[in-house]
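Listing of my_file.cif; format and content: mmCIF, C-alpha atoms.
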```cif
data_start
#
loop_
_atom_site.label_atom_id
_atom_site.label_comp_id
_atom_site.auth_asym_id
_atom_site.auth_seq_id
_atom_site.Cartn_x
_atom_site.Cartn_y
_atom_site.Cartn_z
CA MET V 257 0.00 0.00 0.00
CA LYS V 258 1.32 3.44 -0.93
CA ALA V 259 2.46 5.78 1.87
CA LYS V 260 -0.18 8.35 0.82
CA ASN V 261 -2.94 5.76 1.08
CA ILE V 262 -1.70 4.69 4.51
CA LEU V 263 -1.77 8.32 5.62
CA TYR V 264 -5.34 8.73 4.36
CA LEU V 265 -6.36 5.56 6.20
CA VAL V 266 -4.78 6.70 9.46
CA VAL V 267 -6.45 10.13 9.22
CA PHE V 268 -9.80 8.53 8.40
CA LEU V 269 -9.58 6.11 11.34
CA ALA V 270 -8.52 8.93 13.68
CA LEU V 271 -11.48 11.08 12.65
CA LEU V 272 -13.83 8.11 12.94
CA LEU V 273 -12.50 7.35 16.41
CA VAL V 274 -13.00 10.97 17.51
CA LEU V 275 -16.57 10.99 16.17
CA LEU V 276 -17.46 7.65 17.76
CA VAL V 277 -15.93 8.38 21.17
CA GLY V 278 -17.18 11.98 21.21
CA GLY V 279 -20.65 11.01 20.01
CA HIS V 280 -20.98 8.23 22.57
CA TYR V 281 -19.86 10.57 25.36
CA LEU V 282 -22.49 13.16 24.42
CA LEU V 283 -25.23 10.51 24.27
CA TYR V 284 -24.07 9.06 27.58
CA TYR V 285 -24.26 12.48 29.20
CA PHE V 286 -27.69 13.11 27.63
CA PHE V 287 -29.21 9.97 29.16
CA ILE V 288 -27.53 10.39 32.54
CA ASP V 289 -28.88 13.94 32.70
CA SER V 290 -32.35 13.08 31.37
CA TYR V 291 -32.92 10.30 33.92
CA ASN V 292 -30.91 12.02 36.69
CA LEU V 293 -28.67 8.97 37.15
CA TYR V 294 -25.67 10.77 38.58
CA LEU V 295 -25.95 8.96 41.93
CA SER V 296 -27.49 5.77 40.57
CA PRO V 297 -25.58 2.46 40.35
CA TRP V 298 -26.70 2.40 36.70
CA HIS V 299 -24.37 5.32 36.11
CA ALA V 300 -21.26 3.14 36.03
CA ALA V 301 -22.91 0.35 34.00
CA ILE V 302 -24.02 2.78 31.29
CA ALA V 303 -20.55 4.35 31.21
CA VAL V 304 -18.94 0.92 30.68
CA VAL V 305 -21.37 -0.07 27.89
CA PHE V 306 -20.97 3.24 26.05
CA GLY V 307 -17.20 3.15 26.56
CA ILE V 308 -16.78 -0.36 25.15
CA PHE V 309 -19.07 0.14 22.19
CA SER V 310 -17.66 3.55 21.32
CA VAL V 311 -14.51 1.80 20.05
CA GLY V 312 -16.04 -1.66 19.66
CA TYR V 313 -16.64 -1.66 15.92
CA ILE V 314 -13.15 -0.43 15.04
CA PHE V 315 -11.58 -2.95 17.45
CA ALA V 316 -13.80 -5.77 16.13
CA SER V 317 -12.89 -4.90 12.53
CA VAL V 318 -9.19 -5.13 13.37
CA ILE V 319 -9.32 -8.49 15.16
CA ALA V 320 -11.71 -9.90 12.53
CA ARG V 321 -8.95 -9.60 9.93
CA TRP V 322 -6.61 -11.98 11.71
CA SER V 323 -8.96 -14.22 13.69
CA ASP V 324 -12.10 -15.84 12.31
CA ASN V 325 -13.97 -17.80 14.97
CA LEU V 326 -17.35 -17.82 16.69
CA ILE V 327 -16.34 -15.31 19.36
CA THR V 328 -14.91 -12.74 16.93
CA ARG V 329 -17.92 -13.15 14.63
CA ILE V 330 -20.37 -12.55 17.49
CA PHE V 331 -18.40 -9.54 18.72
CA TYR V 332 -18.16 -8.10 15.20
CA ALA V 333 -21.90 -8.62 14.57
CA ALA V 334 -22.85 -7.12 17.95
CA THR V 335 -20.76 -3.99 17.41
CA ALA V 336 -22.08 -3.63 13.85
CA VAL V 337 -25.71 -3.79 15.01
CA TRP V 338 -24.88 -1.34 17.80
CA LEU V 339 -23.41 1.04 15.23
CA GLY V 340 -26.74 1.12 13.38
CA PHE V 341 -28.73 1.36 16.61
CA ILE V 342 -26.67 4.22 18.02
CA TRP V 343 -27.04 6.11 14.73
CA TYR V 344 -30.81 6.04 15.10
CA VAL V 345 -30.49 6.98 18.77
CA THR V 346 -28.46 10.00 17.65
CA ILE V 347 -31.13 11.04 15.15
CA SER V 348 -33.86 10.60 17.78
CA VAL V 349 -31.93 12.55 20.40
CA ALA V 350 -31.29 15.38 17.93
CA PHE V 351 -35.05 15.57 17.32
CA VAL V 352 -35.73 15.51 21.08
CA LEU V 353 -33.23 18.33 21.72
CA LEU V 354 -34.90 20.35 19.00
CA LEU V 355 -38.25 19.88 20.73
CA PHE V 356 -36.69 20.85 24.06
CA GLY V 357 -35.68 24.14 22.49
CA PHE V 358 -39.25 24.88 21.37
CA LEU V 359 -41.09 23.84 24.55
CA PRO V 360 -40.44 27.10 26.48
CA PHE V 361 -42.05 29.07 23.65
CA LEU V 362 -45.08 26.78 23.74
CA HIS V 363 -45.35 27.05 27.54
CA VAL V 364 -45.45 23.28 27.79
CA GLU V 365 -43.63 21.21 30.39
CA ILE V 366 -42.84 17.58 29.55
CA SER V 367 -40.46 15.30 31.37
CA HIS V 368 -37.06 14.99 29.74
CA ALA V 369 -37.04 11.34 30.80
CA TRP V 370 -40.26 10.74 28.82
CA PHE V 371 -38.74 12.22 25.69
CA SER V 372 -35.54 10.25 26.19
CA SER V 373 -37.55 7.03 26.48
CA PHE V 374 -39.28 7.88 23.22
CA ALA V 375 -35.91 8.36 21.54
CA VAL V 376 -34.67 4.95 22.68
CA LEU V 377 -37.90 3.15 21.73
CA PHE V 378 -37.89 4.77 18.30
CA ALA V 379 -34.29 3.71 17.73
CA VAL V 380 -35.02 0.15 18.88
CA ALA V 381 -38.06 -0.10 16.58
CA PHE V 382 -36.21 1.31 13.57
CA THR V 383 -33.23 -0.98 14.17
CA ILE V 384 -35.47 -4.06 14.38
CA TYR V 385 -37.18 -3.01 11.17
CA GLY V 386 -33.78 -2.53 9.51
CA LEU V 387 -32.63 -5.99 10.60
CA TRP V 388 -35.83 -7.55 9.27
CA SER V 389 -35.49 -5.71 5.97
CA THR V 390 -31.92 -6.96 5.50
CA TYR V 391 -33.04 -10.58 5.41
CA HIS V 392 -36.12 -10.13 3.22
CA PRO V 393 -34.81 -9.47 -0.30
CA ARG V 394 -36.92 -8.65 -3.32
CA VAL V 395 -36.72 -9.74 -6.94
CA LYS V 396 -36.66 -6.72 -9.25
CA GLU V 397 -37.75 -7.46 -12.81
CA ILE V 398 -37.01 -5.17 -15.75
CA ARG V 399 -37.23 -5.56 -19.53
CA ILE V 400 -34.67 -3.92 -21.79
CA GLN V 401 -34.68 -3.59 -25.55
CA ILE V 402 -31.16 -3.83 -27.01
CA LYS V 403 -30.35 -2.63 -30.51
CA ASP V 404 -29.16 -5.45 -32.81
CA LEU V 405 -29.45 -8.01 -30.01
CA PRO V 406 -28.52 -11.48 -31.37
CA GLN V 407 -31.45 -13.86 -31.68
CA ALA V 408 -29.68 -16.25 -29.30
CA TRP V 409 -30.20 -13.66 -26.53
CA ASN V 410 -33.70 -12.50 -27.46
CA GLY V 411 -36.05 -13.16 -24.55
CA LYS V 412 -33.23 -14.42 -22.35
CA LYS V 413 -33.06 -13.59 -18.64
CA ILE V 414 -29.96 -12.25 -16.88
CA VAL V 415 -29.91 -12.28 -13.08
CA GLN V 416 -27.70 -9.56 -11.62
CA VAL V 417 -26.37 -9.98 -8.09
CA SER V 418 -24.28 -7.32 -6.40
CA ASP V 419 -22.79 -6.46 -3.00
CA VAL V 420 -23.37 -9.75 -1.18
CA HIS V 421 -20.60 -8.95 1.32
CA LEU V 422 -19.78 -12.45 2.49
CA GLY V 423 -17.77 -12.36 5.69
CA HIS V 424 -18.24 -12.22 9.43
CA ILE V 425 -21.96 -11.38 9.29
CA HIS V 426 -23.23 -12.81 6.01
CA GLY V 427 -21.93 -16.33 5.72
CA GLU V 428 -22.64 -19.74 4.26
CA HIS V 429 -26.37 -19.83 5.09
CA PHE V 430 -26.84 -16.34 3.66
CA PHE V 431 -25.13 -17.31 0.40
CA HIS V 432 -27.06 -20.56 0.19
CA LYS V 433 -30.30 -18.57 0.43
CA LEU V 434 -29.10 -16.26 -2.33
CA VAL V 435 -28.23 -19.13 -4.66
CA SER V 436 -31.63 -20.73 -4.06
CA LEU V 437 -33.28 -17.42 -4.96
CA ILE V 438 -31.20 -17.18 -8.15
CA ARG V 439 -32.07 -20.74 -9.16
CA ALA V 440 -35.77 -20.02 -8.65
CA GLN V 441 -35.59 -17.40 -11.44
CA ASN V 442 -34.38 -19.97 -14.03
CA PRO V 443 -31.74 -17.59 -15.39
CA ASP V 444 -30.02 -17.91 -18.75
CA ALA V 445 -27.03 -15.97 -17.42
CA VAL V 446 -25.88 -14.60 -14.05
CA CYS V 447 -23.75 -11.49 -13.49
CA ILE V 448 -22.10 -10.91 -10.10
CA THR V 449 -21.12 -7.24 -10.15
CA GLY V 450 -18.61 -6.99 -7.31
CA ASP V 451 -18.30 -7.02 -3.53
CA LEU V 452 -19.14 -10.71 -3.32
CA PHE V 453 -16.81 -10.61 -0.30
CA ASP V 454 -16.82 -8.09 2.51
CA GLY V 455 -13.06 -7.76 2.65
CA MET V 456 -12.72 -9.05 6.22
CA GLY V 457 -11.43 -12.51 5.34
CA GLY V 458 -12.76 -15.93 6.28
CA ASP V 459 -13.18 -19.45 4.87
CA PHE V 460 -15.15 -19.24 1.61
CA LYS V 461 -14.77 -22.78 0.30
CA TYR V 462 -18.54 -23.18 0.38
CA ILE V 463 -19.05 -20.78 -2.56
CA VAL V 464 -17.71 -23.32 -5.07
CA GLU V 465 -20.43 -25.89 -4.47
CA ASP V 466 -23.15 -23.26 -4.23
CA ILE V 467 -22.16 -21.42 -7.43
CA ASN V 468 -21.98 -24.74 -9.24
CA ARG V 469 -25.61 -25.42 -8.27
CA ILE V 470 -26.69 -22.51 -10.51
CA GLU V 471 -27.93 -23.56 -13.94
CA ALA V 472 -27.18 -20.71 -16.37
CA PRO V 473 -26.60 -22.01 -19.90
CA LEU V 474 -25.17 -18.71 -21.19
CA GLY V 475 -22.71 -18.34 -18.33
CA ILE V 476 -22.00 -16.97 -14.85
CA PHE V 477 -19.78 -13.88 -14.85
CA TYR V 478 -18.00 -12.29 -11.90
CA ILE V 479 -16.08 -9.04 -11.39
CA LYS V 480 -14.38 -7.55 -8.35
CA GLY V 481 -15.68 -4.60 -6.36
CA ASN V 482 -13.91 -2.24 -3.99
CA HIS V 483 -14.21 -4.60 -1.01
CA GLU V 484 -12.25 -7.29 -2.82
CA THR V 485 -9.38 -4.80 -2.91
CA TYR V 486 -9.43 -4.54 0.91
CA MET V 487 -8.52 -8.21 1.35
CA ASP V 488 -5.89 -10.66 0.15
CA PHE V 489 -7.80 -11.59 -2.98
CA SER V 490 -5.35 -14.38 -3.80
CA LYS V 491 -6.96 -16.39 -0.99
CA VAL V 492 -10.43 -16.36 -2.57
CA GLU V 493 -9.61 -16.21 -6.28
CA PRO V 494 -8.96 -19.99 -6.45
CA PHE V 495 -12.53 -20.62 -5.26
CA ILE V 496 -13.87 -18.42 -8.06
CA ARG V 497 -11.68 -20.22 -10.59
CA LYS V 498 -12.82 -23.65 -9.35
CA SER V 499 -16.48 -22.73 -9.80
CA LYS V 500 -18.52 -22.24 -12.97
CA ALA V 501 -18.08 -18.49 -12.70
CA VAL V 502 -16.01 -16.71 -15.34
CA PHE V 503 -13.80 -14.14 -13.64
CA LEU V 504 -13.61 -11.09 -15.90
CA CYS V 505 -10.65 -8.87 -15.09
CA ASP V 506 -10.68 -6.10 -17.70
CA GLU V 507 -11.69 -8.75 -20.19
CA ILE V 508 -14.26 -9.05 -22.98
CA ARG V 509 -15.96 -12.32 -23.81
CA VAL V 510 -18.22 -12.81 -26.83
CA VAL V 511 -21.09 -15.17 -26.01
CA ASN V 512 -23.42 -16.05 -28.88
CA GLY V 513 -22.74 -12.71 -30.55
CA LEU V 514 -23.10 -10.54 -27.40
CA GLN V 515 -20.01 -8.86 -25.94
CA ILE V 516 -19.75 -9.20 -22.16
CA ALA V 517 -17.06 -6.99 -20.65
CA GLY V 518 -15.97 -7.05 -17.01
CA ALA V 519 -14.10 -4.07 -15.55
CA ASP V 520 -11.59 -4.78 -12.82
CA TYR V 521 -11.83 -2.54 -9.74
CA PRO V 522 -8.59 -0.59 -9.17
CA PRO V 523 -6.60 -0.76 -5.93
CA PRO V 524 -7.28 1.98 -3.33
CA GLY V 525 -5.97 5.36 -4.42
CA GLU V 526 -5.98 4.65 -8.16
CA LYS V 527 -8.37 6.26 -10.66
CA ARG V 528 -11.75 4.59 -11.12
CA GLU V 529 -12.31 4.81 -14.85
CA ILE V 530 -13.26 2.43 -17.63
CA GLY V 531 -11.99 4.09 -20.83
CA HIS V 532 -9.16 1.56 -21.19
CA LEU V 533 -11.72 -1.28 -21.34
CA VAL V 534 -14.68 0.18 -23.22
CA SER V 535 -12.38 1.52 -25.97
CA ARG V 536 -11.80 -2.14 -26.91
CA ILE V 537 -15.51 -2.89 -27.26
CA ASP V 538 -16.86 -3.15 -30.81
CA GLN V 539 -19.38 -0.29 -31.03
CA ILE V 540 -21.17 -1.91 -33.97
CA LYS V 541 -22.13 -4.98 -31.93
CA PRO V 542 -24.29 -5.06 -28.76
CA SER V 543 -22.51 -5.26 -25.43
CA ILE V 544 -22.97 -5.55 -21.68
CA LEU V 545 -20.48 -3.95 -19.30
CA LEU V 546 -20.15 -5.16 -15.72
CA TRP V 547 -18.72 -2.26 -13.69
CA HIS V 548 -19.07 -2.28 -9.91
CA GLU V 549 -19.35 1.44 -9.14
CA PRO V 550 -21.65 3.64 -11.26
CA ILE V 551 -19.07 6.29 -12.08
CA ASP V 552 -17.52 7.26 -15.42
CA ILE V 553 -20.74 5.99 -16.97
CA GLU V 554 -20.70 8.70 -19.63
CA THR V 555 -17.51 7.12 -21.00
CA ALA V 556 -19.34 3.84 -21.52
CA LYS V 557 -22.17 5.71 -23.23
CA ARG V 558 -19.77 7.50 -25.60
CA HIS V 559 -18.18 4.20 -26.60
CA GLY V 560 -21.50 2.67 -27.60
CA VAL V 561 -21.98 0.22 -24.71
CA SER V 562 -25.53 -1.15 -24.81
CA LEU V 563 -26.05 -1.97 -21.13
CA VAL V 564 -24.07 -1.27 -17.94
CA LEU V 565 -24.80 -3.25 -14.77
CA SER V 566 -23.50 -1.76 -11.50
CA GLY V 567 -23.96 -1.87 -7.73
CA HIS V 568 -21.89 -0.41 -4.87
CA THR V 569 -24.29 2.31 -3.67
CA HIS V 570 -26.58 0.05 -1.58
CA ARG V 571 -29.11 2.82 -2.31
CA GLY V 572 -27.76 4.48 0.81
CA GLN V 573 -28.56 1.38 2.93
CA VAL V 574 -29.18 3.33 6.14
CA PHE V 575 -31.49 6.35 6.36
CA PRO V 576 -30.80 9.15 5.45
CA PHE V 577 -27.69 8.23 3.42
CA GLU V 578 -29.69 7.69 0.25
CA ALA V 579 -29.67 11.48 -0.16
CA ILE V 580 -25.86 11.48 0.05
CA ALA V 581 -25.58 8.61 -2.44
CA ARG V 582 -27.92 10.45 -4.80
CA LYS V 583 -25.76 13.58 -4.50
CA ILE V 584 -22.63 11.59 -5.41
CA TYR V 585 -23.95 9.31 -8.15
CA LYS V 586 -26.87 11.45 -9.34
CA GLN V 587 -29.24 9.58 -11.68
CA TYR V 588 -27.08 6.46 -11.49
CA GLU V 589 -27.47 6.10 -7.72
CA TYR V 590 -30.17 3.43 -8.06
CA GLY V 591 -32.41 1.87 -10.67
CA TYR V 592 -32.83 1.92 -14.42
CA VAL V 593 -31.61 4.71 -16.70
CA ASN V 594 -32.32 4.78 -20.44
CA ASP V 595 -30.94 7.21 -23.01
CA GLY V 596 -31.66 6.10 -26.57
CA ASN V 597 -29.72 2.90 -27.25
CA PHE V 598 -27.90 3.17 -23.91
CA HIS V 599 -29.18 1.40 -20.80
CA GLN V 600 -27.83 1.31 -17.25
CA TYR V 601 -28.99 -0.31 -14.01
CA THR V 602 -27.60 0.15 -10.51
CA SER V 603 -28.69 -2.48 -8.00
CA SER V 604 -29.27 -1.75 -4.32
CA GLY V 605 -27.34 -4.95 -3.63
CA PHE V 606 -28.15 -8.13 -1.74
CA GLY V 607 -26.07 -7.80 1.42
CA THR V 608 -24.97 -5.03 3.75
CA TRP V 609 -21.76 -3.36 4.82
CA GLY V 610 -21.19 -2.28 8.42
CA PRO V 611 -24.52 -2.49 10.25
CA PRO V 612 -26.62 -5.41 8.93
CA ILE V 613 -29.48 -2.95 8.67
CA ARG V 614 -31.49 -1.54 5.75
CA THR V 615 -33.98 1.26 6.21
CA GLY V 616 -35.75 3.09 3.43
CA ASN V 617 -34.65 0.52 0.84
CA HIS V 618 -34.59 -3.22 0.29
CA PRO V 619 -31.98 -5.81 -0.75
CA GLU V 620 -32.58 -7.24 -4.19
CA ILE V 621 -31.54 -9.42 -7.05
CA VAL V 622 -32.34 -8.09 -10.51
CA CYS V 623 -33.88 -10.09 -13.36
CA VAL V 624 -33.14 -8.39 -16.67
CA THR V 625 -35.02 -9.83 -19.64
CA LEU V 626 -33.42 -8.82 -22.94
CA HIS V 627 -35.39 -8.16 -26.10
CA LYS V 628 -34.26 -7.14 -29.54
CA ALA V 629 -35.19 -3.50 -30.18
CA LYS V 630 -37.59 -2.98 -33.04
CA GLN V 631 -36.11 -1.16 -36.02
CA PRO V 632 -37.58 2.35 -36.54
#
```

Could you write out this structure as structure tokens?
Amino acid sequence: MKAKNILYLVVFLALLLVLLVGGHYLLYYFFIDSYNLYLSPWHAAIAVVFGIFSVGYIFASVIARWSDNLITRIFYAATAVWLGFIWYVTISVAFVLLLFGFLPFLHVEISHAWFSSFAVLFAVAFTIYGLWSTYHPRVKEIRIQIKDLPQAWNGKKIVQVSDVHLGHIHGEHFFHKLVSLIRAQNPDAVCITGDLFDGMGGDFKYIVEDINRIEAPLGIFYIKGNHETYMDFSKVEPFIRKSKAVFLCDEIRVVNGLQIAGADYPPPGEKREIGHLVSRIDQIKPSILLWHEPIDIETAKRHGVSLVLSGHTHRGQVFPFEAIARKIYKQYEYGYVNDGNFHQYTSSGFGTWGPPIRTGNHPEIVCVTLHKAKQP
């Protein structure tokens, strides 16, 4: 890793640590003050819980990289759920403090403890909903008309899967459920558009048997995402190679007259662009580009790519980050975009990163049925 990237990582972790410790301290003080627990024996217990969990997720992420066992998995999962929960507590408390500021003007007196209880209950309810949503994926179906689509692909179904994030939270059972869902769609082809792994390490031997259970006569295609660059990919690449999946690393395959290109995700710190790959695509013939992150999409459009399949954004995953994702990726943040002969779809993904929580959006697999565009 380059020295500049290491410096960025250290600065990022330092800022994250300051925010987590500072945020937990403010929340701790808020609840102690609201319930007047200064002299209560609960005072010390709350301080310990908030102290441990303020650094818990960072600590769990570090130990998860070198030790994969039941204890580290439970600790990592617990701190990840807490991270989501405490985020919603923060939002609730901010709303409560805003109300506190208005109450004197309304000449209304309400117990601070009552409002604090409401904040906690709201956060608990929203976290439970987010956990439920994570494990109840949807099947999104779309139909796309491709110019000059070969007859061999006309009416064929492609299942796109993105951002599974296999690791310390989403493991073998989670992947088995995904594969069963894919099989139920009777796909002609399957495209895995990156972040199959979470980047935390682990034993992923099980993916070979599961991927090989998928019947897709036109092929299973896989590309890396950013999270594959956070791990020692050489430890999982053999499992990909042993399976039916075709690993596309800045490669173009022609399958029954349709070009399928897979863009490799660059290492941290390098430019995320696809001009070097799409410039090799034959603009006269139809093509599908698998590109994990929906950036530099205009380059693909200029080079005549027919369809781009992406993921990465998780559609924000946790409220209200969808607004931030939309600001960054604009119209490509989520869903289907069509501009003449150009088509693009960004999936919300199947798994989660960080907190195993989804609010305001749902996990999905995408069924894309291709049709030959009618000539004008």

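Considering only C-alpha atoms, the residue among V:Thr555, V:Ser543, V:Gln441, V:Gln587 positioned nearest to Ile530 in chain V is V:Thr555.
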
List as JSON, numbers by chain: which residues have an atom within 12 Å of (-19.4, -10.3, -22.4), counting only C-alpha atoms?
-> {"V": [445, 446, 447, 474, 475, 476, 477, 478, 479, 502, 503, 504, 505, 506, 507, 508, 509, 510, 511, 512, 513, 514, 515, 516, 517, 518, 519, 533, 534, 537, 538, 541, 542, 543, 544, 545, 546, 547, 561, 562, 563, 564, 565]}

Nearest to Gly531 in chain V, chosen from V:Asp454, V:Glu554, V:Asp324, V:Glu620, with only C-alpha atoms counted in the distances = V:Glu554

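Using only C-alpha atoms, the smallest distance between any of V:Gly423, V:Pro406, V:Pro443, V:Pro576 and Glu484 in chain V comes from V:Gly423.
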
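Applied to the shown file, the PyMOL selection byres ((chain V and resi 456) around 8) selects the residues Ser317, Ala320, Arg321, Gly423, His424, Phe453, Asp454, Gly455, Gly457, Gly458, Tyr486 and Met487 of chain V.
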